>>> print(open('start-v1.pdb').read())   # PDB, C-alpha atoms
ATOM      1  CA  MET A1118       0.000   0.000   0.000
ATOM      2  CA  ALA A1119       1.370   3.426  -0.972
ATOM      3  CA  ARG A1120       2.179   5.653   1.968
ATOM      4  CA  TYR A1121       4.120   8.838   2.564
ATOM      5  CA  THR A1122       7.693   7.980   3.591
ATOM      6  CA  GLY A1123       9.224  11.450   3.748
ATOM      7  CA  PRO A1124       9.924  13.646   6.798
ATOM      8  CA  ASN A1125       6.892  13.868   9.085
ATOM      9  CA  CYS A1126       7.776  17.372  10.258
ATOM     10  CA  ARG A1127       7.457  18.547   6.673
ATOM     11  CA  LEU A1128       3.768  17.647   6.747
ATOM     12  CA  CYS A1129       3.223  19.635   9.940
ATOM     13  CA  ARG A1130       4.954  22.665   8.442
ATOM     14  CA  ARG A1131       2.869  22.343   5.276
ATOM     15  CA  GLU A1132      -0.376  22.427   7.259
ATOM     16  CA  GLY A1133       0.915  25.074   9.668
ATOM     17  CA  ILE A1134      -0.101  23.137  12.817
ATOM     18  CA  LYS A1135       1.129  20.206  14.886
ATOM     19  CA  LEU A1136      -0.176  16.918  13.505
ATOM     20  CA  PHE A1137       1.502  14.902  16.304
ATOM     21  CA  LEU A1138       3.105  12.430  13.907
ATOM     22  CA  LYS A1139       6.339  11.824  15.840
ATOM     23  CA  GLY A1140       5.167  10.937  19.313
ATOM     24  CA  GLU A1141       6.890  12.603  22.261
ATOM     25  CA  ARG A1142       9.041  14.795  20.026
ATOM     26  CA  CYS A1143       5.906  16.768  19.137
ATOM     27  CA  TYR A1144       5.455  17.723  22.812
ATOM     28  CA  SER A1145       9.071  18.874  23.236
ATOM     29  CA  GLN A1146      11.078  21.926  22.232
ATOM     30  CA  LYS A1147      12.572  19.906  19.363
ATOM     31  CA  CYS A1148       9.320  20.090  17.399
ATOM     32  CA  SER A1149      10.078  22.003  14.192
ATOM     33  CA  ILE A1150       6.677  23.701  14.147
ATOM     34  CA  GLU A1151       7.750  25.640  17.260
ATOM     35  CA  THR A1152      10.693  27.341  15.559
ATOM     36  CA  ARG A1153       9.788  27.147  11.867
ATOM     37  CA  SER A1154       6.001  27.577  11.872
ATOM     38  CA  GLN A1155       6.238  30.563   9.533
ATOM     39  CA  ASN A1156       8.379  28.678   7.025
ATOM     40  CA  PRO A1157       6.428  26.078   5.021
ATOM     41  CA  PRO A1158       8.611  23.498   3.228
ATOM     42  CA  GLY A1159      10.130  24.208  -0.161
ATOM     43  CA  VAL A1160      11.383  27.321  -1.871
ATOM     44  CA  ILE A1161       7.871  28.772  -2.124
ATOM     45  CA  GLY A1162       7.584  28.376   1.636
ATOM     46  CA  ARG A1163      10.074  31.192   2.095
ATOM     47  CA  ARG A1164       7.555  33.587   0.623
ATOM     48  CA  ARG A1165       4.407  34.728   2.354
ATOM     49  CA  ARG A1166       1.589  32.178   2.372
ATOM     50  CA  ARG A1167      -0.838  32.855  -0.412
ATOM     51  CA  LYS A1168      -4.473  33.379   0.469
ATOM     52  CA  LEU A1169      -6.481  30.310  -0.502
ATOM     53  CA  ASN A1170      -9.812  30.370  -2.288
ATOM     54  CA  SER A1171     -12.731  28.318  -0.952
ATOM     55  CA  TYR A1172     -11.705  25.171  -2.833
ATOM     56  CA  GLY A1173      -8.128  25.498  -1.574
ATOM     57  CA  GLN A1174      -9.341  25.800   2.024
ATOM     58  CA  GLN A1175     -11.542  22.722   1.654
ATOM     59  CA  LEU A1176      -8.725  20.705   0.083
ATOM     60  CA  ARG A1177      -6.201  21.694   2.749
ATOM     61  CA  GLU A1178      -8.624  20.752   5.526
ATOM     62  CA  LYS A1179      -9.194  17.335   3.988
ATOM     63  CA  GLN A1180      -5.458  16.781   3.560
ATOM     64  CA  LYS A1181      -4.836  17.865   7.143
ATOM     65  CA  VAL A1182      -7.281  15.323   8.586
ATOM     66  CA  ARG A1183      -5.958  12.576   6.326
ATOM     67  CA  ARG A1184      -2.430  13.267   7.516
ATOM     68  CA  ILE A1185      -3.394  13.431  11.182
ATOM     69  CA  TYR A1186      -4.915   9.948  11.037
ATOM     70  CA  GLY A1187      -2.639   8.500   8.315
ATOM     71  CA  ILE A1188      -5.457   7.579   5.927
ATOM     72  CA  LEU A1189      -5.273   7.195   2.156
ATOM     73  CA  GLU A1190      -7.682   9.035  -0.124
ATOM     74  CA  LYS A1191      -9.675   5.922  -1.106
ATOM     75  CA  GLN A1192     -10.227   4.980   2.538
ATOM     76  CA  PHE A1193     -11.098   8.526   3.498
ATOM     77  CA  ARG A1194     -13.720   8.790   0.768
ATOM     78  CA  LYS A1195     -15.159   5.449   1.928
ATOM     79  CA  TYR A1196     -15.555   6.794   5.481
ATOM     80  CA  PHE A1197     -17.277   9.902   4.142
ATOM     81  CA  LYS A1198     -19.796   7.756   2.243
ATOM     82  CA  MET A1199     -20.459   5.784   5.427
ATOM     83  CA  ALA A1200     -21.014   9.001   7.395
ATOM     84  CA  SER A1201     -23.297  10.502   4.742
ATOM     85  CA  THR A1202     -25.674   7.526   4.932
ATOM     86  CA  ARG A1203     -26.147   7.773   8.706
ATOM     87  CA  LYS A1204     -28.473  10.054  10.628
ATOM     88  CA  GLY A1205     -26.778  13.035  12.214
ATOM     89  CA  VAL A1206     -24.198  15.682  11.347
ATOM     90  CA  THR A1207     -22.080  14.226   8.544
ATOM     91  CA  GLY A1208     -18.856  15.971   9.569
ATOM     92  CA  THR A1209     -19.083  14.800  13.174
ATOM     93  CA  LEU A1210     -20.009  11.269  12.093
ATOM     94  CA  LEU A1211     -17.001  11.222   9.774
ATOM     95  CA  LEU A1212     -14.625  12.049  12.623
ATOM     96  CA  GLN A1213     -16.312   9.505  14.904
ATOM     97  CA  ILE A1214     -15.894   6.735  12.315
ATOM     98  CA  ILE A1215     -12.221   7.578  11.853
ATOM     99  CA  GLU A1216     -11.728   7.611  15.628
ATOM    100  CA  THR A1217     -12.928   3.986  15.815
ATOM    101  CA  ARG A1218     -10.089   2.704  13.613
ATOM    102  CA  LEU A1219      -8.052   0.152  15.535
ATOM    103  CA  ASP A1220      -4.736   1.947  15.016
ATOM    104  CA  ASN A1221      -6.278   5.162  16.342
ATOM    105  CA  VAL A1222      -7.836   3.649  19.479
ATOM    106  CA  VAL A1223      -4.556   1.844  20.230
ATOM    107  CA  PHE A1224      -2.859   5.244  20.065
ATOM    108  CA  ARG A1225      -5.619   6.907  22.123
ATOM    109  CA  ALA A1226      -5.267   4.234  24.793
ATOM    110  CA  GLY A1227      -1.577   5.061  25.073
ATOM    111  CA  PHE A1228      -0.075   1.801  23.828
ATOM    112  CA  ALA A1229       1.937   3.696  21.207
ATOM    113  CA  ALA A1230       3.533   7.136  21.058
ATOM    114  CA  SER A1231       2.022   7.955  17.652
ATOM    115  CA  ARG A1232      -0.582   6.610  15.254
ATOM    116  CA  LYS A1233       2.196   5.393  12.979
ATOM    117  CA  ALA A1234       3.693   3.370  15.838
ATOM    118  CA  ALA A1235       0.214   2.070  16.727
ATOM    119  CA  ARG A1236      -0.308   0.965  13.130
ATOM    120  CA  GLN A1237       2.952  -0.972  13.270
ATOM    121  CA  LEU A1238       1.922  -2.573  16.559
ATOM    122  CA  VAL A1239      -1.332  -3.763  14.987
ATOM    123  CA  CYS A1240       0.283  -4.976  11.751
ATOM    124  CA  HIS A1241       2.785  -7.078  13.687
ATOM    125  CA  GLY A1242      -0.020  -8.918  15.442
ATOM    126  CA  HIS A1243       0.426  -7.562  18.969
ATOM    127  CA  ILE A1244      -3.215  -6.469  19.426
ATOM    128  CA  ALA A1245      -6.278  -8.635  20.059
ATOM    129  CA  VAL A1246      -9.892  -7.475  19.762
ATOM    130  CA  ASN A1247     -12.407  -9.462  21.818
ATOM    131  CA  SER A1248      -9.638 -12.050  22.429
ATOM    132  CA  ASN A1249      -9.025 -12.515  18.679
ATOM    133  CA  LYS A1250      -5.792 -11.275  17.129
ATOM    134  CA  VAL A1251      -6.393  -8.533  14.576
ATOM    135  CA  ASP A1252      -3.633  -7.232  12.300
ATOM    136  CA  ILE A1253      -5.706  -4.807  10.207
ATOM    137  CA  PRO A1254      -5.142  -1.162  11.284
ATOM    138  CA  SER A1255      -8.357   0.019   9.594
ATOM    139  CA  TYR A1256     -10.520  -2.451  11.566
ATOM    140  CA  LEU A1257     -13.411  -0.462  13.066
ATOM    141  CA  ILE A1258     -14.030  -0.911  16.790
ATOM    142  CA  LYS A1259     -17.634  -1.092  18.027
ATOM    143  CA  ILE A1260     -19.095   0.067  21.332
ATOM    144  CA  GLY A1261     -18.503  -2.598  23.954
ATOM    145  CA  ASP A1262     -15.500  -4.115  22.193
ATOM    146  CA  THR A1263     -12.349  -4.808  24.182
ATOM    147  CA  PHE A1264      -8.816  -4.737  22.841
ATOM    148  CA  GLU A1265      -5.541  -5.547  24.510
ATOM    149  CA  VAL A1266      -1.833  -5.961  24.006
ATOM    150  CA  ILE A1267      -0.749  -9.575  23.603
ATOM    151  CA  GLY A1268       2.487 -11.440  23.081
ATOM    152  CA  LYS A1269       5.913  -9.928  23.636
ATOM    153  CA  SER A1270       4.584  -6.367  23.649
ATOM    154  CA  LEU A1271       3.110  -6.892  27.135
ATOM    155  CA  ASN A1272       6.601  -6.213  28.496
ATOM    156  CA  ASN A1273       7.819  -4.034  25.645
ATOM    157  CA  ALA A1274       9.759  -0.998  26.919
ATOM    158  CA  PHE A1275       8.390   1.272  24.182
ATOM    159  CA  VAL A1276       4.793   0.306  24.984
ATOM    160  CA  ASN A1277       5.350   0.886  28.710
ATOM    161  CA  GLU A1278       7.020   4.239  28.091
ATOM    162  CA  ALA A1279       4.235   5.351  25.756
ATOM    163  CA  LEU A1280       1.659   4.281  28.338
ATOM    164  CA  GLU A1281       3.350   6.255  31.108
ATOM    165  CA  ASN A1282       3.537   9.397  28.982
ATOM    166  CA  ARG A1283      -0.089   9.022  27.924
ATOM    167  CA  GLN A1284      -1.223   8.618  31.529
ATOM    168  CA  SER A1285       0.401  11.946  32.410
ATOM    169  CA  ARG A1286      -1.714  13.658  29.706
ATOM    170  CA  GLY A1287      -4.905  11.832  30.638
ATOM    171  CA  LEU A1288      -7.075   9.356  28.764
ATOM    172  CA  PRO A1289     -10.160   9.995  26.605
ATOM    173  CA  SER A1290     -13.436   9.651  28.485
ATOM    174  CA  TRP A1291     -14.790   7.088  26.024
ATOM    175  CA  ILE A1292     -11.958   4.633  26.778
ATOM    176  CA  GLN A1293     -11.673   2.530  29.937
ATOM    177  CA  LEU A1294      -8.146   1.263  30.547
ATOM    178  CA  ASP A1295      -6.884  -1.521  32.785
ATOM    179  CA  ILE A1296      -3.226  -0.536  32.854
ATOM    180  CA  LYS A1297      -2.010  -3.719  34.566
ATOM    181  CA  LYS A1298      -3.575  -6.042  32.001
ATOM    182  CA  LYS A1299      -3.064  -3.521  29.186
ATOM    183  CA  LYS A1300      -6.694  -4.052  28.290
ATOM    184  CA  VAL A1301      -9.173  -1.442  27.072
ATOM    185  CA  VAL A1302     -12.954  -1.243  26.754
ATOM    186  CA  PHE A1303     -14.394   1.046  24.087
ATOM    187  CA  ASN A1304     -17.379   2.519  25.927
ATOM    188  CA  ALA A1305     -18.855   5.074  23.524
ATOM    189  CA  PHE A1306     -18.307   7.181  20.459
ATOM    190  CA  PRO A1307     -16.482  10.419  21.283
ATOM    191  CA  GLU A1308     -18.472  13.636  21.310
ATOM    192  CA  ARG A1309     -17.388  16.395  18.944
ATOM    193  CA  SER A1310     -16.227  18.497  21.905
ATOM    194  CA  ASP A1311     -13.812  15.685  22.843
ATOM    195  CA  LEU A1312     -12.034  15.736  19.487
ATOM    196  CA  GLN A1313      -9.439  18.049  17.992
ATOM    197  CA  GLN A1314     -10.946  21.525  17.942
ATOM    198  CA  ASP A1315      -8.914  22.994  15.073
ATOM    199  CA  ILE A1316     -10.513  20.628  12.537
ATOM    200  CA  GLN A1317     -13.187  22.286  10.399
ATOM    201  CA  GLU A1318     -14.987  19.197   9.190
ATOM    202  CA  HIS A1319     -17.713  21.212   7.461
ATOM    203  CA  LEU A1320     -15.129  22.174   4.818
ATOM    204  CA  ILE A1321     -14.548  18.492   4.045
ATOM    205  CA  VAL A1322     -18.281  17.918   3.721
ATOM    206  CA  GLU A1323     -18.506  20.861   1.318
ATOM    207  CA  LEU A1324     -15.599  19.482  -0.735
ATOM    208  CA  TYR A1325     -17.076  16.004  -1.165
ATOM    209  CA  SER A1326     -20.593  17.308  -1.689
ATOM    210  CA  LYS A1327     -19.733  19.121  -4.906
TER     211      LYS A1327
END
>>> encode(input="start-v1.pdb", output="structure tokens")
Amino acid sequence: MARYTGPNCRLCRREGIKLFLKGERCYSQKCSIETRSQNPPGVIGRRRRRKLNSYGQQLREKQKVRRIYGILEKQFRKYFKMASTRKGVTGTLLLQIIETRLDNVVFRAGFAASRKAARQLVCHGHIAVNSNKVDIPSYLIKIGDTFEVIGKSLNNAFVNEALENRQSRGLPSWIQLDIKKKKVVFNAFPERSDLQQDIQEHLIVELYSK
């Protein structure tokens, strides 16, 4: 599957905000967005940012969300179609569906320092959902499902370190964690107020509704 393999900090600088793609580095002074936020990547980045038209704003917002969650365009469009067929606010439903991806909830629970690391943890078969091993990062968790770390990762130093750092920043209210067993219960879909506030999902809805 094709994925971006270049510098992650370049993506943050392109969007002008922290996308939290590099784990703990993003919370430290080493984060490039702290010192180079006014300098987007590339030669054009040295000039002043051009004012975007409405289509440009919609496209950038879609790209930003895709990059935050590490989702390809085909998958992202699939999630939008799912959201548009359900009752409720399409933009909020879209974010809720994306939040139920297995790689995302593993990251939210604190088992990995970033979504990229969580995706690797899932792909290598270290996560079980309802006691069954699942190695598909895009697997969608349902309310009431449990997932846990299995195998060698139970005593993995990187998992333990990520879990400690996540505990210091708190856990989402819709996740119930048993830190000793490294087991999590997915209690509910997150409310919009619980999710990233600088996402303007209505722009994505406008883009795909054309």
>>> resolve_selection(input="start-v1.pdb", expression="the PyMOL selection byres ((chain A and resi 1275) around 12)", output="PDB file with C-alpha atoms, in the coordinates of the input")
ATOM      1  CA  GLY A1140       5.167  10.937  19.313  1.00  0.00           C
ATOM      2  CA  GLU A1141       6.890  12.603  22.261  1.00  0.00           C
ATOM      3  CA  GLY A1227      -1.577   5.061  25.073  1.00  0.00           C
ATOM      4  CA  PHE A1228      -0.075   1.801  23.828  1.00  0.00           C
ATOM      5  CA  ALA A1229       1.937   3.696  21.207  1.00  0.00           C
ATOM      6  CA  ALA A1230       3.533   7.136  21.058  1.00  0.00           C
ATOM      7  CA  SER A1231       2.022   7.955  17.652  1.00  0.00           C
ATOM      8  CA  ALA A1234       3.693   3.370  15.838  1.00  0.00           C
ATOM      9  CA  ALA A1235       0.214   2.070  16.727  1.00  0.00           C
ATOM     10  CA  LEU A1238       1.922  -2.573  16.559  1.00  0.00           C
ATOM     11  CA  LYS A1269       5.913  -9.928  23.636  1.00  0.00           C
ATOM     12  CA  SER A1270       4.584  -6.367  23.649  1.00  0.00           C
ATOM     13  CA  LEU A1271       3.110  -6.892  27.135  1.00  0.00           C
ATOM     14  CA  ASN A1272       6.601  -6.213  28.496  1.00  0.00           C
ATOM     15  CA  ASN A1273       7.819  -4.034  25.645  1.00  0.00           C
ATOM     16  CA  ALA A1274       9.759  -0.998  26.919  1.00  0.00           C
ATOM     17  CA  VAL A1276       4.793   0.306  24.984  1.00  0.00           C
ATOM     18  CA  ASN A1277       5.350   0.886  28.710  1.00  0.00           C
ATOM     19  CA  GLU A1278       7.020   4.239  28.091  1.00  0.00           C
ATOM     20  CA  ALA A1279       4.235   5.351  25.756  1.00  0.00           C
ATOM     21  CA  LEU A1280       1.659   4.281  28.338  1.00  0.00           C
ATOM     22  CA  GLU A1281       3.350   6.255  31.108  1.00  0.00           C
ATOM     23  CA  ASN A1282       3.537   9.397  28.982  1.00  0.00           C
TER      24      ASN A1282
END
>>> closest_residue(input="start-v1.pdb", among="A:Arg1225, A:Arg1184, A:Arg1194, A:Lys1327", to="Leu1211 (chain A)", atoms="all atoms listed in the file")
A:Arg1194
>>> resolve_selection(input="start-v1.pdb", expression="the PyMOL selection byres ((chain A and resi 1251-1255) around 9)", output="list in words")
Ile1188, Gln1192, Ile1215, Thr1217, Arg1218, Leu1219, Asp1220, Asn1221, Ala1235, Arg1236, Gln1237, Leu1238, Val1239, Cys1240, His1241, Gly1242, His1243, Ile1244, Ala1245, Val1246, Asn1249, Lys1250, Tyr1256 and Leu1257 of chain A
>>> closest_residue(input="start-v1.pdb", among="A:Val1302, A:Val1266, A:Val1322, A:Ala1226", to="Leu1210 (chain A)", atoms="only C-alpha atoms")
A:Val1322
>>> closest_residue(input="start-v1.pdb", among="A:Glu1318, A:Asp1262, A:Glu1216, A:Glu1323", to="Pro1289 (chain A)", atoms="all atoms listed in the file")
A:Glu1216
>>> resolve_selection(input="start-v1.pdb", expression="the PyMOL selection byres ((chain A and resi 1321) around 12)", output="PDB file with C-alpha atoms, in the frame of the given file")
ATOM      1  CA  SER A1171     -12.731  28.318  -0.952  1.00  0.00           C
ATOM      2  CA  TYR A1172     -11.705  25.171  -2.833  1.00  0.00           C
ATOM      3  CA  GLY A1173      -8.128  25.498  -1.574  1.00  0.00           C
ATOM      4  CA  GLN A1174      -9.341  25.800   2.024  1.00  0.00           C
ATOM      5  CA  GLN A1175     -11.542  22.722   1.654  1.00  0.00           C
ATOM      6  CA  LEU A1176      -8.725  20.705   0.083  1.00  0.00           C
ATOM      7  CA  ARG A1177      -6.201  21.694   2.749  1.00  0.00           C
ATOM      8  CA  GLU A1178      -8.624  20.752   5.526  1.00  0.00           C
ATOM      9  CA  LYS A1179      -9.194  17.335   3.988  1.00  0.00           C
ATOM     10  CA  GLN A1180      -5.458  16.781   3.560  1.00  0.00           C
ATOM     11  CA  LYS A1181      -4.836  17.865   7.143  1.00  0.00           C
ATOM     12  CA  VAL A1182      -7.281  15.323   8.586  1.00  0.00           C
ATOM     13  CA  ARG A1183      -5.958  12.576   6.326  1.00  0.00           C
ATOM     14  CA  PHE A1193     -11.098   8.526   3.498  1.00  0.00           C
ATOM     15  CA  ARG A1194     -13.720   8.790   0.768  1.00  0.00           C
ATOM     16  CA  TYR A1196     -15.555   6.794   5.481  1.00  0.00           C
ATOM     17  CA  PHE A1197     -17.277   9.902   4.142  1.00  0.00           C
ATOM     18  CA  ALA A1200     -21.014   9.001   7.395  1.00  0.00           C
ATOM     19  CA  SER A1201     -23.297  10.502   4.742  1.00  0.00           C
ATOM     20  CA  THR A1207     -22.080  14.226   8.544  1.00  0.00           C
ATOM     21  CA  GLY A1208     -18.856  15.971   9.569  1.00  0.00           C
ATOM     22  CA  THR A1209     -19.083  14.800  13.174  1.00  0.00           C
ATOM     23  CA  LEU A1211     -17.001  11.222   9.774  1.00  0.00           C
ATOM     24  CA  LEU A1212     -14.625  12.049  12.623  1.00  0.00           C
ATOM     25  CA  ILE A1316     -10.513  20.628  12.537  1.00  0.00           C
ATOM     26  CA  GLN A1317     -13.187  22.286  10.399  1.00  0.00           C
ATOM     27  CA  GLU A1318     -14.987  19.197   9.190  1.00  0.00           C
ATOM     28  CA  HIS A1319     -17.713  21.212   7.461  1.00  0.00           C
ATOM     29  CA  LEU A1320     -15.129  22.174   4.818  1.00  0.00           C
ATOM     30  CA  VAL A1322     -18.281  17.918   3.721  1.00  0.00           C
ATOM     31  CA  GLU A1323     -18.506  20.861   1.318  1.00  0.00           C
ATOM     32  CA  LEU A1324     -15.599  19.482  -0.735  1.00  0.00           C
ATOM     33  CA  TYR A1325     -17.076  16.004  -1.165  1.00  0.00           C
ATOM     34  CA  SER A1326     -20.593  17.308  -1.689  1.00  0.00           C
ATOM     35  CA  LYS A1327     -19.733  19.121  -4.906  1.00  0.00           C
TER      36      LYS A1327
END
>>> atom_distance(input="start-v1.pdb", atom1="CA of Phe1264 (chain A)", atom2="CA of Val1222 (chain A)")
9.1 Å
>>> atom_distance(input="start-v1.pdb", atom1="CA of Val1223 (chain A)", atom2="CA of Glu1308 (chain A)")
18.3 Å
>>> atom_distance(input="start-v1.pdb", atom1="CA of Tyr1186 (chain A)", atom2="CA of Asp1311 (chain A)")
15.9 Å
>>> residues_around(input="start-v1.pdb", residues="Phe1303 (chain A)", least_positions_apart="6", cutoff="8 Å", atoms="only C-alpha atoms", output="ChimeraX atom specification")
/A:1258-1263,1291-1293
